[in-house]
Amino acid sequence: MFSKTPVELLLKDFSHILSKCQSIYDLVLGRHYNESLAILTTAEAYALAEKAYIRCDQNKELQTAEVEEFIEAFNIFYFELKQVLFHDDDDLVSLQNRLTKMQDDYEALTAAFQLL
């Protein structure tokens with residue numbers, strides 16, 4: 001029924017996480033952003049991350065340094081995003097740096113798994 005490998009499914013999940021994080025960043029970049037939409041999109045990204053974590057726990061071949069790097073980059077982005085959303089910490093430069101790190105880690109991950 002499913003023809004995708006665990007690696008392909010994980011990369012798909014991570015791609016969606018990265019897209020959601022980019023959308024969230026674009027939302028909070030505006031001074032008068034819709035906070036509810038930003039929180040909803042953040043929740044969607046976190047739900048995708050939780051699904052990816054389970055996938056990693058169930059498949060040993062996904063437990064690589066590159067996967068850990070991406071997960072760590074997401075966790076740091078998520079933490080800083082919460083500071084922006086709930087604590088009026090407008091360090092958007094740092095948030096952009098965290099997003100760039102996630103993008104770089106995603107590219108390293110696809111190269112490590114020899115996909116794309």
# chains A, B, ... in the order shown; residues from 1 in each chain; ligands from 1
$ closest_atom_pairs --of "region 10-52 of chain A" --to "region 83-101 of chain A" --cutoff "12 Å" --atoms "only C-alpha atoms" --output "JSON lines"
{"residue": "A:Ile17", "atom": "CA", "partner": "A:Leu99", "partner_atom": "CA", "distance": 10.8}
{"residue": "A:Leu18", "atom": "CA", "partner": "A:Leu99", "partner_atom": "CA", "distance": 8.0}
{"residue": "A:Ser19", "atom": "CA", "partner": "A:Leu99", "partner_atom": "CA", "distance": 10.1}
{"residue": "A:Lys20", "atom": "CA", "partner": "A:Leu99", "partner_atom": "CA", "distance": 10.7}
{"residue": "A:Cys21", "atom": "CA", "partner": "A:Leu99", "partner_atom": "CA", "distance": 7.2}
{"residue": "A:Gln22", "atom": "CA", "partner": "A:Leu99", "partner_atom": "CA", "distance": 7.1}
{"residue": "A:Ser23", "atom": "CA", "partner": "A:Leu99", "partner_atom": "CA", "distance": 10.7}
{"residue": "A:Ile24", "atom": "CA", "partner": "A:Leu99", "partner_atom": "CA", "distance": 10.2}
{"residue": "A:Tyr25", "atom": "CA", "partner": "A:Gln96", "partner_atom": "CA", "distance": 7.4}
{"residue": "A:Asp26", "atom": "CA", "partner": "A:Gln96", "partner_atom": "CA", "distance": 9.8}
{"residue": "A:Leu27", "atom": "CA", "partner": "A:Leu85", "partner_atom": "CA", "distance": 10.7}
{"residue": "A:Val28", "atom": "CA", "partner": "A:Leu85", "partner_atom": "CA", "distance": 8.0}
{"residue": "A:Leu29", "atom": "CA", "partner": "A:Leu92", "partner_atom": "CA", "distance": 7.2}
{"residue": "A:Gly30", "atom": "CA", "partner": "A:Leu92", "partner_atom": "CA", "distance": 10.5}
{"residue": "A:Arg31", "atom": "CA", "partner": "A:Asp90", "partner_atom": "CA", "distance": 10.0}
{"residue": "A:Tyr33", "atom": "CA", "partner": "A:Leu85", "partner_atom": "CA", "distance": 10.4}
{"residue": "A:Asn34", "atom": "CA", "partner": "A:Leu85", "partner_atom": "CA", "distance": 10.7}
{"residue": "A:Glu35", "atom": "CA", "partner": "A:Leu85", "partner_atom": "CA", "distance": 7.5}
{"residue": "A:Ser36", "atom": "CA", "partner": "A:Leu85", "partner_atom": "CA", "distance": 10.0}
{"residue": "A:Leu37", "atom": "CA", "partner": "A:Leu85", "partner_atom": "CA", "distance": 11.2}
{"residue": "A:Ala38", "atom": "CA", "partner": "A:Leu85", "partner_atom": "CA", "distance": 8.1}
{"residue": "A:Ile39", "atom": "CA", "partner": "A:Leu85", "partner_atom": "CA", "distance": 7.8}
{"residue": "A:Leu40", "atom": "CA", "partner": "A:Leu85", "partner_atom": "CA", "distance": 11.6}
{"residue": "A:Thr41", "atom": "CA", "partner": "A:Leu85", "partner_atom": "CA", "distance": 11.9}
{"residue": "A:Thr42", "atom": "CA", "partner": "A:Leu85", "partner_atom": "CA", "distance": 9.9}
$ write_last_selection --atoms "N, CA, C and O atoms" --output "compact mmCIF listing (two decimals), in the first residue's frame"
# COMPACT_ATOMS: atom_id res chain seq x y z
N ILE A 17 7.77 20.49 8.02
CA ILE A 17 8.13 21.26 9.21
C ILE A 17 8.84 22.54 8.79
O ILE A 17 8.53 23.63 9.28
N LEU A 18 9.80 22.40 7.90
CA LEU A 18 10.56 23.56 7.44
C LEU A 18 9.65 24.58 6.76
O LEU A 18 9.76 25.79 7.01
N SER A 19 8.72 24.11 5.96
CA SER A 19 7.77 25.02 5.29
C SER A 19 6.89 25.75 6.30
O SER A 19 6.64 26.95 6.17
N LYS A 20 6.41 25.01 7.31
CA LYS A 20 5.58 25.63 8.35
C LYS A 20 6.39 26.69 9.11
O LYS A 20 5.89 27.77 9.40
N CYS A 21 7.64 26.35 9.42
CA CYS A 21 8.48 27.30 10.16
C CYS A 21 8.74 28.56 9.33
O CYS A 21 8.75 29.67 9.88
N GLN A 22 8.93 28.40 8.04
CA GLN A 22 9.11 29.56 7.17
C GLN A 22 7.84 30.41 7.16
O GLN A 22 7.91 31.64 7.25
N SER A 23 6.69 29.76 7.11
CA SER A 23 5.41 30.49 7.14
C SER A 23 5.24 31.24 8.45
O SER A 23 4.79 32.39 8.47
N ILE A 24 5.59 30.58 9.55
CA ILE A 24 5.48 31.23 10.85
C ILE A 24 6.39 32.45 10.92
O ILE A 24 5.99 33.52 11.37
N TYR A 25 7.62 32.27 10.45
CA TYR A 25 8.56 33.39 10.46
C TYR A 25 8.00 34.55 9.64
O TYR A 25 8.05 35.71 10.08
N ASP A 26 7.46 34.26 8.46
CA ASP A 26 6.88 35.31 7.63
C ASP A 26 5.71 36.00 8.34
O ASP A 26 5.55 37.22 8.22
N LEU A 27 4.93 35.22 9.07
CA LEU A 27 3.81 35.80 9.82
C LEU A 27 4.30 36.77 10.89
O LEU A 27 3.78 37.88 11.01
N VAL A 28 5.25 36.33 11.70
CA VAL A 28 5.68 37.18 12.83
C VAL A 28 6.56 38.33 12.39
O VAL A 28 6.77 39.27 13.15
N LEU A 29 7.05 38.27 11.17
CA LEU A 29 7.87 39.36 10.66
C LEU A 29 7.06 40.64 10.52
O LEU A 29 7.57 41.73 10.74
N GLY A 30 5.77 40.50 10.22
CA GLY A 30 4.90 41.66 10.12
C GLY A 30 4.55 42.19 11.49
O GLY A 30 4.33 41.44 12.44
N ARG A 31 4.52 43.47 11.65
CA ARG A 31 4.26 44.10 12.95
C ARG A 31 2.85 43.82 13.46
O ARG A 31 2.61 43.74 14.65
N TYR A 33 0.81 41.07 12.84
CA TYR A 33 0.47 39.73 12.39
C TYR A 33 -0.70 39.17 13.19
O TYR A 33 -1.00 39.60 14.30
N ASN A 34 -1.35 38.19 12.59
CA ASN A 34 -2.46 37.50 13.23
C ASN A 34 -1.88 36.47 14.20
O ASN A 34 -1.38 35.43 13.79
N GLU A 35 -1.93 36.78 15.48
CA GLU A 35 -1.32 35.92 16.49
C GLU A 35 -1.96 34.54 16.52
O GLU A 35 -1.27 33.53 16.68
N SER A 36 -3.27 34.47 16.33
CA SER A 36 -3.96 33.17 16.34
C SER A 36 -3.47 32.29 15.20
O SER A 36 -3.26 31.08 15.39
N LEU A 37 -3.30 32.86 14.03
CA LEU A 37 -2.80 32.09 12.90
C LEU A 37 -1.37 31.63 13.14
O LEU A 37 -1.01 30.49 12.81
N ALA A 38 -0.56 32.48 13.73
CA ALA A 38 0.82 32.10 14.04
C ALA A 38 0.86 30.95 15.05
O ALA A 38 1.64 30.00 14.90
N ILE A 39 0.01 31.01 16.06
CA ILE A 39 -0.04 29.95 17.06
C ILE A 39 -0.56 28.65 16.45
O ILE A 39 -0.01 27.57 16.71
N LEU A 40 -1.56 28.73 15.61
CA LEU A 40 -2.10 27.54 14.93
C LEU A 40 -1.04 26.90 14.04
O LEU A 40 -0.83 25.68 14.07
N THR A 41 -0.34 27.70 13.28
CA THR A 41 0.71 27.19 12.40
C THR A 41 1.86 26.59 13.20
O THR A 41 2.43 25.56 12.83
N THR A 42 2.17 27.20 14.33
CA THR A 42 3.19 26.66 15.23
C THR A 42 2.76 25.30 15.77
O THR A 42 3.56 24.36 15.82
$ closest_atom_pairs --of "region 35-92 of chain A" --to "region 1-12 of chain A" --cutoff "10 Å" --atoms "only C-alpha atoms" --output "CSV"
residue,atom,partner,partner_atom,distance
A:Ala49,CA,A:Leu10,CA,9.9
A:Lys51,CA,A:Leu10,CA,9.2
A:Ala52,CA,A:Leu10,CA,6.2
A:Tyr53,CA,A:Leu10,CA,9.1
A:Arg55,CA,A:Leu10,CA,7.2
A:Cys56,CA,A:Leu10,CA,7.9
A:Gln58,CA,A:Pro6,CA,9.4
A:Asn59,CA,A:Pro6,CA,7.2
A:Lys60,CA,A:Pro6,CA,9.9
A:Glu61,CA,A:Val7,CA,7.9
A:Leu62,CA,A:Val7,CA,6.6
A:Val67,CA,A:Leu10,CA,9.2
$ select_by_dssp --residues "chain A" --states "helix (DSSP H, G or I)" --output "PyMOL selection string"
chain A and resi 6-29+35-58+60-62+65-87+92-112
$ write_last_selection --atoms "C-alpha atoms" --output "mmCIF file, in the first residue's frame"
data_model
loop_
_atom_site.group_PDB
_atom_site.id
_atom_site.type_symbol
_atom_site.label_atom_id
_atom_site.label_comp_id
_atom_site.auth_asym_id
_atom_site.auth_seq_id
_atom_site.Cartn_x
_atom_site.Cartn_y
_atom_site.Cartn_z
ATOM 1 C CA PRO A 6 11.035 5.483 6.146
ATOM 2 C CA VAL A 7 13.778 7.849 4.938
ATOM 3 C CA GLU A 8 11.524 9.340 2.254
ATOM 4 C CA LEU A 9 8.674 9.727 4.749
ATOM 5 C CA LEU A 10 10.943 11.403 7.283
ATOM 6 C CA LEU A 11 12.308 13.832 4.713
ATOM 7 C CA LYS A 12 8.748 14.632 3.668
ATOM 8 C CA ASP A 13 7.858 15.330 7.313
ATOM 9 C CA PHE A 14 10.934 17.503 7.774
ATOM 10 C CA SER A 15 10.177 19.367 4.556
ATOM 11 C CA HIS A 16 6.685 20.161 5.860
ATOM 12 C CA ILE A 17 8.128 21.261 9.207
ATOM 13 C CA LEU A 18 10.563 23.559 7.437
ATOM 14 C CA SER A 19 7.766 25.020 5.290
ATOM 15 C CA LYS A 20 5.583 25.634 8.352
ATOM 16 C CA CYS A 21 8.476 27.305 10.159
ATOM 17 C CA GLN A 22 9.110 29.564 7.166
ATOM 18 C CA SER A 23 5.411 30.488 7.140
ATOM 19 C CA ILE A 24 5.478 31.230 10.853
ATOM 20 C CA TYR A 25 8.561 33.393 10.455
ATOM 21 C CA ASP A 26 6.882 35.308 7.629
ATOM 22 C CA LEU A 27 3.811 35.802 9.817
ATOM 23 C CA VAL A 28 5.677 37.175 12.830
ATOM 24 C CA LEU A 29 7.875 39.359 10.657
ATOM 25 C CA GLU A 35 -1.323 35.921 16.489
ATOM 26 C CA SER A 36 -3.955 33.169 16.343
ATOM 27 C CA LEU A 37 -2.804 32.092 12.897
ATOM 28 C CA ALA A 38 0.820 32.103 14.043
ATOM 29 C CA ILE A 39 -0.041 29.945 17.063
ATOM 30 C CA LEU A 40 -2.096 27.544 14.935
ATOM 31 C CA THR A 41 0.708 27.185 12.395
ATOM 32 C CA THR A 42 3.195 26.659 15.229
ATOM 33 C CA ALA A 43 0.991 23.907 16.646
ATOM 34 C CA GLU A 44 0.865 22.263 13.210
ATOM 35 C CA ALA A 45 4.666 22.333 12.951
ATOM 36 C CA TYR A 46 5.013 20.867 16.427
ATOM 37 C CA ALA A 47 2.517 18.087 15.627
ATOM 38 C CA LEU A 48 4.526 17.220 12.511
ATOM 39 C CA ALA A 49 7.688 17.153 14.613
ATOM 40 C CA GLU A 50 6.110 14.786 17.134
ATOM 41 C CA LYS A 51 5.116 12.447 14.293
ATOM 42 C CA ALA A 52 8.668 12.581 12.940
ATOM 43 C CA TYR A 53 10.117 11.816 16.384
ATOM 44 C CA ILE A 54 7.965 8.679 16.592
ATOM 45 C CA ARG A 55 9.055 7.671 13.108
ATOM 46 C CA CYS A 56 12.695 8.053 14.191
ATOM 47 C CA ASP A 57 12.128 6.000 17.327
ATOM 48 C CA GLN A 58 10.625 3.180 15.268
ATOM 49 C CA LYS A 60 16.915 2.640 13.532
ATOM 50 C CA GLU A 61 18.150 3.721 10.090
ATOM 51 C CA LEU A 62 16.740 7.191 10.804
ATOM 52 C CA ALA A 65 23.682 12.560 13.385
ATOM 53 C CA GLU A 66 22.097 14.533 10.525
ATOM 54 C CA VAL A 67 18.590 13.737 11.750
ATOM 55 C CA GLU A 68 19.579 14.761 15.272
ATOM 56 C CA GLU A 69 21.010 18.037 13.940
ATOM 57 C CA PHE A 70 17.749 18.909 12.185
ATOM 58 C CA ILE A 71 15.692 18.005 15.239
ATOM 59 C CA GLU A 72 17.925 20.128 17.454
ATOM 60 C CA ALA A 73 17.699 23.046 15.021
ATOM 61 C CA PHE A 74 13.900 22.767 15.067
ATOM 62 C CA ASN A 75 13.832 22.620 18.870
ATOM 63 C CA ILE A 76 15.915 25.783 19.142
ATOM 64 C CA PHE A 77 13.776 27.562 16.522
ATOM 65 C CA TYR A 78 10.627 26.471 18.370
ATOM 66 C CA PHE A 79 11.968 27.752 21.701
ATOM 67 C CA GLU A 80 12.899 31.133 20.232
ATOM 68 C CA LEU A 81 9.573 31.344 18.430
ATOM 69 C CA LYS A 82 7.758 30.909 21.744
ATOM 70 C CA GLN A 83 9.812 33.826 23.100
ATOM 71 C CA VAL A 84 8.623 35.974 20.200
ATOM 72 C CA LEU A 85 4.986 34.868 20.444
ATOM 73 C CA PHE A 86 4.513 34.891 24.206
ATOM 74 C CA HIS A 87 7.199 37.080 25.725
ATOM 75 C CA LEU A 92 13.776 38.308 14.685
ATOM 76 C CA VAL A 93 17.389 38.257 13.494
ATOM 77 C CA SER A 94 18.111 35.332 15.791
ATOM 78 C CA LEU A 95 14.891 33.624 14.700
ATOM 79 C CA GLN A 96 15.941 34.046 11.054
ATOM 80 C CA ASN A 97 19.347 32.563 11.887
ATOM 81 C CA ARG A 98 17.624 29.555 13.465
ATOM 82 C CA LEU A 99 15.472 29.103 10.377
ATOM 83 C CA THR A 100 18.548 29.289 8.146
ATOM 84 C CA LYS A 101 20.214 26.646 10.329
ATOM 85 C CA MET A 102 17.188 24.380 9.874
ATOM 86 C CA GLN A 103 17.385 24.859 6.097
ATOM 87 C CA ASP A 104 21.102 24.048 6.079
ATOM 88 C CA ASP A 105 20.549 20.966 8.231
ATOM 89 C CA TYR A 106 17.751 19.801 5.936
ATOM 90 C CA GLU A 107 20.064 20.086 2.930
ATOM 91 C CA ALA A 108 22.763 18.138 4.789
ATOM 92 C CA LEU A 109 20.191 15.502 5.651
ATOM 93 C CA THR A 110 19.076 15.031 2.059
ATOM 94 C CA ALA A 111 22.703 14.783 0.998
ATOM 95 C CA ALA A 112 23.463 12.210 3.725
#
